[in-house]
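What follows is a set of notes on a single structure, which appears directly below.
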Amino acid sequence: MGVAIVGLGYWGPNLLRVLTENMEVDVRRLCDVDRARLQKYRRRAPRARVCTRFERVLSDPHVEAVIIATPVHTHYPLAAEALAAGKHVFVEKPLATSSLRADELAETAERNQRILRCGHTFVYSPPVRAVKRMLEAGTLGEIYFVSCSRVNLGLHQRDVSVIWDLGPHDFSILLYWLGELPTAVRAVGRDSIVKGIADVAFVTMSFASGIIA
């Protein structure tokens, strides 16, 4: 499959490495607004053409799927354009900055009969899948609560809060394990670095089964 990687900043190079190691994937385009990044990474994908304009990706007939690893506020518009252009789309988490926009992307993908996936990588990790098997087998007995804690901020994001940046990992794991959506969500945060953008947060979820997380 011919793919394009859009965004070669923090996470894009890692996706490039993984994709170039997959014999079923042919990286045909690298797109970034920074020409220096394009020159730095183009040798990792010799067959790929480089560009700074997203339109070039959409018009390339060799590109069947678009991998989006750009700043969060660009996820929705780029994914929407790619789906409308008939491309399959993989978007780094979070899929969008609101549930409404995420639903719109899902509807666009279904309408255009294209695959839309988000980078919830942990649900594919062996430890998380092992816990899922134990839950299904009843090995862990009845579940009353699940606790998740992240103490490493990683790369500080200035366009979204820690809930949007790191929360999707924990939320996707919880939904995968429990197989149900929460009935109530409560959250509180603190913006100690950038005003208006929480870098510390506590989230509590309640589920119809009685489980809290």
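To be explicit about the labels: the chains of the structure tokens are called A, B, and onward in the order shown, and within each one the residues are counted from 1, while ligands get numbers from 1 in the order they are shown.
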Residues at most 12 Å from segment 200-204 of chain A, counting only C-alpha atoms, excluding those fewer than 2 positions away in the same chain, as an MDAnalysis selection string? chainID A and resid 145:153 156 160:168 170:171 174 182:194 196:198 206:207 211:213
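DSSP, applied to the backbone of this structure, assigns strand (DSSP E or B) to the following residues of segment 23-176 of chain A: Asp26, Val27, Arg28, Arg29, Leu30, Cys31, Arg49, Val50, Cys51, Ala65, Val66, Ile67, Ile68, His88, Val89, Phe90, Val91, Leu116, Arg117, Cys118 and Phe145 of chain A.
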When distances are computed from only C-alpha atoms, which of A:Leu135, A:Asp159, A:Lys195, A:Gly7 shows the smallest separation from Gly179 of chain A?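 Under the stated criterion, the closest residue is A:Leu135.
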Residues of chain A classed as helix (DSSP H, G or I) by DSSP on the backbone are to be reported as JSON, numbers by chain. {"A": [12, 13, 14, 15, 16, 17, 18, 19, 20, 35, 36, 37, 38, 39, 40, 41, 42, 43, 44, 54, 55, 56, 57, 58, 59, 72, 73, 74, 75, 76, 77, 78, 79, 80, 81, 82, 83, 84, 99, 100, 101, 102, 103, 104, 105, 106, 107, 108, 109, 110, 111, 121, 122, 123, 124, 126, 127, 128, 129, 130, 131, 132, 133, 134, 135, 136, 137, 162, 163, 164, 165, 167, 168, 169, 170, 171, 172, 173, 174, 175, 176, 177, 178]}
